[in-house]
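What follows is a set of notes on a single structure, which appears directly below.
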Amino acid sequence: MFEKILIANRGEVALRVMRAARELGVKTVAVYSTEDADTLPVRYADESVCIGPAPANQSYLVMSSIIAAAKNTGAQAIHPGYGFLAENADFARLCVEHDLVWIGPSAECIEQMGDKARARETMMGCGVPCVPGSDGAVETVEEAAAFANRVGYPVLIKASAGGGGKGMREVHDPADLESQFKAAKMEAGAAFGNDEVYIEKLVLRPRHVEVQVIGDDHGNRVVLCERDCSIQRRHQKLLEEAPSPALDEETRRAMSVAATKAMRAVDYRNAGTIEFLLDTDGRFYFMEMNTRVQVEHPVTEMITGTDIIKEQLRVAAGEPVSCASRSPFSPNGHAIEFRINAEDPDADFRPCPGTITRFRPPAGPGVRVETYLEEGARISPYYDSLVAKLIVWGSTRDEAIARGKRALQEFQIEGVATTIPFHQKVLETVAFNKGNVYTDFIETQMGE
Ligand code: MV4
């Protein structure tokens with residue numbers, strides 16, 4: 001195991017990684033912007049290094065400063081958390097070039113999955129179900145039309161460099177294909193500096209179901225069940241649960257087999273997530289692979305009794321994953337994560353930075369809170385608005401829902417608006433209680 005690692009992140013995830021490291025006897029180095037100097041992760045770390053001013057492009061995204069901080073403190077490895085540099089293949093490569101272990105998958109894997117058309121091609125090539133559509137990128141309108149006619153309308157044009165919903169265009173009428181194809185290319189070129197696009201049949205009313213995986217250097221490929229992340233707003237997840245209430249045992253098995261094929265195809269090592277669309281007939285299709293640990297990883301930890309961050313550290317240190325014999329995992333109970341964002345759900349989820357005047361998190365059985373907040377803390381306008389995650393576990397989904405209601409009611413945050421009232425409303429809906437949620441839940445199943 002490592003003696004010392006650097007955490008190239010901030011907020012709740014920085015603290016989460018430091019806690020895992022400490023349990024493994026690993027010393028931690030925090031890096032921080034001047035804006036974050038007084039935050040809990042900086043105080044919690046064994047050492048800390050200021051890497052620049054508030055704007056992330058002058059601090060948390062400056063690769064050379066982070067590498068220098070690691071070298072100067074004698075850290076052996078870098079954990080990137082999520083966001084910032086977590087899926088930056090150049091940074092992964094730069095770490096390795098400086099004899100620092102990258103706590104994540106190889107730069108090649110990050111690159112291969114970052115190109116969504118290439119990822120789709122890889123998955124089609126290894127027998128992972130994909131939505132009918134083009135094999136890889138499409139170059140011309142004629143080619144696009146041929147694929148669209150073959151699979152039938154409506155279709156979805158996606159940017160190869162996109163992901164997370166950026167640069168997608170639906171086409172319902174063949175007469176609109178040419179204009180939408182050109183618009184998608186323009187948009188992708190402007191947004192990503194890469195105008196490559198591909199085409200898929202549009203899956204109507206899908207659910208978002210993703211499988212957590214971990215691979216190691218010893219040939220172990222572990223599948224830790226799935227999460228259901230159908231409740232999203234403008235491609236931002238708000239609430240996640242595990243297992244998915246929409247999967248039967250047979251589909252869970254099939255998804256686990258598909259996830260294993262995907263890992264094998266790219267020789268995947270470390271933690272990752274394979275996202276699938278689940279259609280209303282229970283069929284699933286590869287959507288994207290995320291080559292990092294995700295915000296919602298705790299729901300998986302709660303139903304599998306694992307520590308995914310510790311596994312990441314073990315695997316990066318060349319040790320075998322500690323839970324290989326339990327794979328594929330069967331879910332134990334049910335977990336739900338509520339993202340507590342400093343946002344006003346009554347004002348179009350507008351970010352609400354400010355000072356926390358009161359912070360009293362819930363406690364009791366089956367309740368976990370991941371946060372860097374404390375009373376008096378300032379929520380910065382410079383970074384994302386996630387300030388806490390409430391994770392509840394129950395032996396059944398109904399128990400987890402009841403516990404969620406109880407914990408949300410106990411949770412006191414004053415000084416800024418938060419998404420707590422939104423979550424309380426979700427838990428009152430018939431659709432959520434029945435587990436009938438789709439990616440249009442917030443718009444169509446909840447009203448405004
Ligand atoms: C789709 C789709 C329907 N059909 N692909 C959105 C994010 C990006 N990862 C892919 N996304 C979608 N791809 C086909 N062929 C619908 C979506 C989608 C979506 C997916 C998951 C969660 C929320 C979503 C919201 C809108 C659209």
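As shown in the structure tokens, the chain order sets the letters A, B, ...; within each chain, residues go from 1, and ligands are also counted from 1 in the order they appear.
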TODO: Using DSSP on the backbone coordinates, identify all residues within segment 192-392 of chain A classified as alpha helix (DSSP H); present the result as an NGL selection string.
DONE: :A and (192 or 249-265 or 297-304 or 308-316)
What are the closest atom pairs, with distances in Å to one decimal, for each residue of chain A lying within 6 Å of ligand 1, using only C-alpha atoms and all ligand atoms, rows by chain and rising residue number, as JSON lines?
{"residue": "A:Val131", "atom": "CA", "partner": "ligand 1", "partner_atom_place_in_ligand_line": "15 (N)", "distance": 5.7}
{"residue": "A:Leu156", "atom": "CA", "partner": "ligand 1", "partner_atom_place_in_ligand_line": "15 (N)", "distance": 5.9}
{"residue": "A:Gly163", "atom": "CA", "partner": "ligand 1", "partner_atom_place_in_ligand_line": "9 (N)", "distance": 4.9}
{"residue": "A:Gly164", "atom": "CA", "partner": "ligand 1", "partner_atom_place_in_ligand_line": "7 (C)", "distance": 4.3}
{"residue": "A:Gly165", "atom": "CA", "partner": "ligand 1", "partner_atom_place_in_ligand_line": "7 (C)", "distance": 3.5}
{"residue": "A:Glu200", "atom": "CA", "partner": "ligand 1", "partner_atom_place_in_ligand_line": "15 (N)", "distance": 4.8}
{"residue": "A:Lys201", "atom": "CA", "partner": "ligand 1", "partner_atom_place_in_ligand_line": "15 (N)", "distance": 5.0}
{"residue": "A:Leu202", "atom": "CA", "partner": "ligand 1", "partner_atom_place_in_ligand_line": "4 (N)", "distance": 3.7}
{"residue": "A:Val203", "atom": "CA", "partner": "ligand 1", "partner_atom_place_in_ligand_line": "4 (N)", "distance": 3.7}
{"residue": "A:His208", "atom": "CA", "partner": "ligand 1", "partner_atom_place_in_ligand_line": "21 (C)", "distance": 4.7}
{"residue": "A:Ser230", "atom": "CA", "partner": "ligand 1", "partner_atom_place_in_ligand_line": "22 (C)", "distance": 5.6}
{"residue": "A:Gln232", "atom": "CA", "partner": "ligand 1", "partner_atom_place_in_ligand_line": "23 (C)", "distance": 5.9}
{"residue": "A:His235", "atom": "CA", "partner": "ligand 1", "partner_atom_place_in_ligand_line": "23 (C)", "distance": 5.6}
{"residue": "A:Thr439", "atom": "CA", "partner": "ligand 1", "partner_atom_place_in_ligand_line": "23 (C)", "distance": 4.6}
Would you pick out the contacts of segment 303-309 of chain A at 8 Å or less, using only C-alpha atoms, so that residues sharing its chain but fewer than 3 positions from it are not included, and give the list as a short mmCIF file (atom, residue, chain, number, x, y, z; two decimals) with N, CA, C and O atoms, in the first residue's frame?
data_model
loop_
_atom_site.label_atom_id
_atom_site.label_comp_id
_atom_site.auth_asym_id
_atom_site.auth_seq_id
_atom_site.Cartn_x
_atom_site.Cartn_y
_atom_site.Cartn_z
N VAL A 17 -12.22 10.55 0.28
CA VAL A 17 -11.00 9.83 -0.10
C VAL A 17 -10.01 9.83 1.06
O VAL A 17 -9.37 8.81 1.37
N ALA A 20 -10.94 7.20 3.66
CA ALA A 20 -10.59 5.84 3.22
C ALA A 20 -9.09 5.62 3.37
O ALA A 20 -8.64 4.58 3.87
N LEU A 224 -20.56 -4.87 -8.98
CA LEU A 224 -21.21 -4.53 -7.71
C LEU A 224 -22.64 -4.04 -7.91
O LEU A 224 -23.01 -2.97 -7.42
N ALA A 242 -30.11 2.14 -5.21
CA ALA A 242 -29.61 0.82 -5.56
C ALA A 242 -30.29 -0.20 -4.67
O ALA A 242 -30.48 0.08 -3.48
N PRO A 243 -30.68 -1.37 -5.18
CA PRO A 243 -30.65 -1.72 -6.60
C PRO A 243 -31.74 -0.98 -7.37
O PRO A 243 -32.52 -0.24 -6.78
N ALA A 271 -11.94 1.47 -10.51
CA ALA A 271 -13.41 1.55 -10.44
C ALA A 271 -13.96 2.28 -11.65
O ALA A 271 -13.35 3.24 -12.13
N VAL A 293 -14.64 7.33 -10.21
CA VAL A 293 -15.60 7.03 -9.17
C VAL A 293 -16.68 8.10 -9.26
O VAL A 293 -16.40 9.26 -9.58
N HIS A 297 -21.56 6.72 -5.71
CA HIS A 297 -21.01 5.42 -5.34
C HIS A 297 -21.48 4.91 -3.96
O HIS A 297 -21.55 3.70 -3.75
N VAL A 299 -24.40 4.55 -2.58
CA VAL A 299 -25.57 3.64 -2.54
C VAL A 299 -25.14 2.21 -2.84
O VAL A 299 -25.67 1.25 -2.27
N THR A 300 -24.15 2.07 -3.70
CA THR A 300 -23.61 0.74 -4.00
C THR A 300 -22.89 0.17 -2.78
O THR A 300 -23.03 -1.00 -2.45
N GLN A 312 -10.25 1.15 -4.69
CA GLN A 312 -9.49 1.92 -5.68
C GLN A 312 -8.02 2.03 -5.28
O GLN A 312 -7.13 1.91 -6.12
N LEU A 313 -7.80 2.31 -3.99
CA LEU A 313 -6.43 2.45 -3.50
C LEU A 313 -5.68 1.12 -3.58
O LEU A 313 -4.52 1.07 -3.99
N CYS A 323 -12.80 -8.05 -2.67
CA CYS A 323 -14.14 -8.65 -2.62
C CYS A 323 -14.45 -9.47 -3.87
O CYS A 323 -15.62 -9.69 -4.19
N PHE A 329 -22.19 -9.43 -7.13
CA PHE A 329 -22.87 -9.21 -5.85
C PHE A 329 -24.38 -9.32 -5.99
O PHE A 329 -24.94 -8.92 -7.01
N SER A 330 -25.02 -9.83 -4.94
CA SER A 330 -26.48 -9.72 -4.84
C SER A 330 -26.75 -8.57 -3.88
O SER A 330 -26.07 -8.44 -2.87
N PRO A 331 -27.73 -7.75 -4.19
CA PRO A 331 -27.99 -6.60 -3.33
C PRO A 331 -28.50 -7.02 -1.95
O PRO A 331 -29.31 -7.92 -1.84
N ASN A 332 -28.01 -6.34 -0.91
CA ASN A 332 -28.53 -6.54 0.44
C ASN A 332 -29.31 -5.28 0.83
O ASN A 332 -28.73 -4.24 1.09
N GLY A 333 -30.63 -5.38 0.81
CA GLY A 333 -31.46 -4.24 1.16
C GLY A 333 -31.50 -3.21 0.04
O GLY A 333 -31.24 -3.54 -1.12
N HIS A 334 -31.80 -1.97 0.44
CA HIS A 334 -32.01 -0.92 -0.55
C HIS A 334 -31.42 0.39 -0.03
O HIS A 334 -31.52 0.67 1.16
N ALA A 335 -30.78 1.16 -0.91
CA ALA A 335 -30.20 2.43 -0.49
C ALA A 335 -30.64 3.55 -1.45
O ALA A 335 -30.80 3.32 -2.65
N TRP A 393 -30.25 3.66 4.13
CA TRP A 393 -30.35 2.23 3.82
C TRP A 393 -31.56 1.66 4.55
O TRP A 393 -31.87 2.07 5.67
#
Open item on the list: Write out as number ranges by chain the set of residues from segment 188-409 of chain A that DSSP, computed on the backbone, places in strand (DSSP E).
Closed with: A: 197-201, 207-215, 221-233, 236-242, 270-278, 284-290, 334-341, 343-344, 350-351, 354-355, 358-360, 367-371, 378-379, 386-394
Open item on the list: At a cut-off of 7 Å, using only C-alpha atoms, what residues contact Arg118 of chain A? Leave out same-chain residues fewer than 4 positions from it and give the result as number ranges by chain.
Closed with: A: 112, 122, 136
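Residue nearest Leu177 of chain A, chosen from A:Gln236, A:Asn149, A:Asn194, A:Ser65 and counting only C-alpha atoms: A:Asn149.
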TODO: Using only C-alpha atoms, pick whichever of A:Ala37, A:Ile66, A:Val138, A:Met168 has the shortest atom-to-atom distance to Pro53 of chain A.
DONE: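 Among A:Ala37, A:Ile66, A:Val138, A:Met168, it is A:Ala37 that comes nearest to Pro53 of chain A.
Straight-line separation from atom CA of Val31 of chain A to atom CA of Ala68 of chain A: 10.7 Å.
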Open item on the list: One decimal, in Å: what's the spacing between atom CA of Asp344 of chain A and atom CA of Thr419 of chain A?
Closed with: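 Result for atom CA of Asp344 of chain A versus atom CA of Thr419 of chain A: 6.6 Å, one decimal.
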Open item on the list: Need to verify the contact set: Tyr32 of chain A, 9 Å, only C-alpha atoms, exclusion of same-chain residues closer than 3 positions in sequence. Can you return it as a list of chain:residue names?
Closed with: A:Ala8, A:Asn9, A:Arg10, A:Glu35, A:Asp36, A:Ala37, A:Val42, A:Ser48, A:Val49, A:Cys50, A:Ile51, A:Gly52, A:Pro53, A:Ala54, A:Ser59, A:Tyr60
Task: Spatial neighbours of Gly127 of chain A, max dist 8 Å, only C-alpha atoms, sep filter under 3 positions, as an MDAnalysis selection string - done: chainID A and resid 123:124 258 261
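Of note, atom CA of Leu100 of chain A and atom CA of Gly74 of chain A are spaced 9.7 Å apart.
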- [ ] Find the spatial neighbours of segment 24-26 of chain A, counting only C-alpha atoms, within a cut-off of 8 Å - ignore same-chain residues fewer than 3 positions away - and output them as a ChimeraX atom specification.
- [x] /A:1-5,20-21,310
TODO: Select, from A:Thr355, A:Ser179, A:Thr280, A:Thr140, the residue with the minimum atom-to-atom distance to Pro206 of chain A, counting only C-alpha atoms.
DONE: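 Among the listed residues, A:Thr280 lies closest to Pro206 of chain A.
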Task: Pick from A:Ala265, A:Lys158, A:Arg314, A:Arg252 nearest to Gly125 of chain A, counting only C-alpha atoms - done: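 Counting only C-alpha atoms, the residue closest to Gly125 of chain A is A:Ala265.
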Open item on the list: Ranking A:Leu238, A:Ile7, A:Val223, A:Met113 by minimum distance to Ala69 of chain A and counting only C-alpha atoms, which one comes first?
Closed with: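 Ranking A:Leu238, A:Ile7, A:Val223, A:Met113 by distance to Ala69 of chain A, first place goes to A:Ile7.
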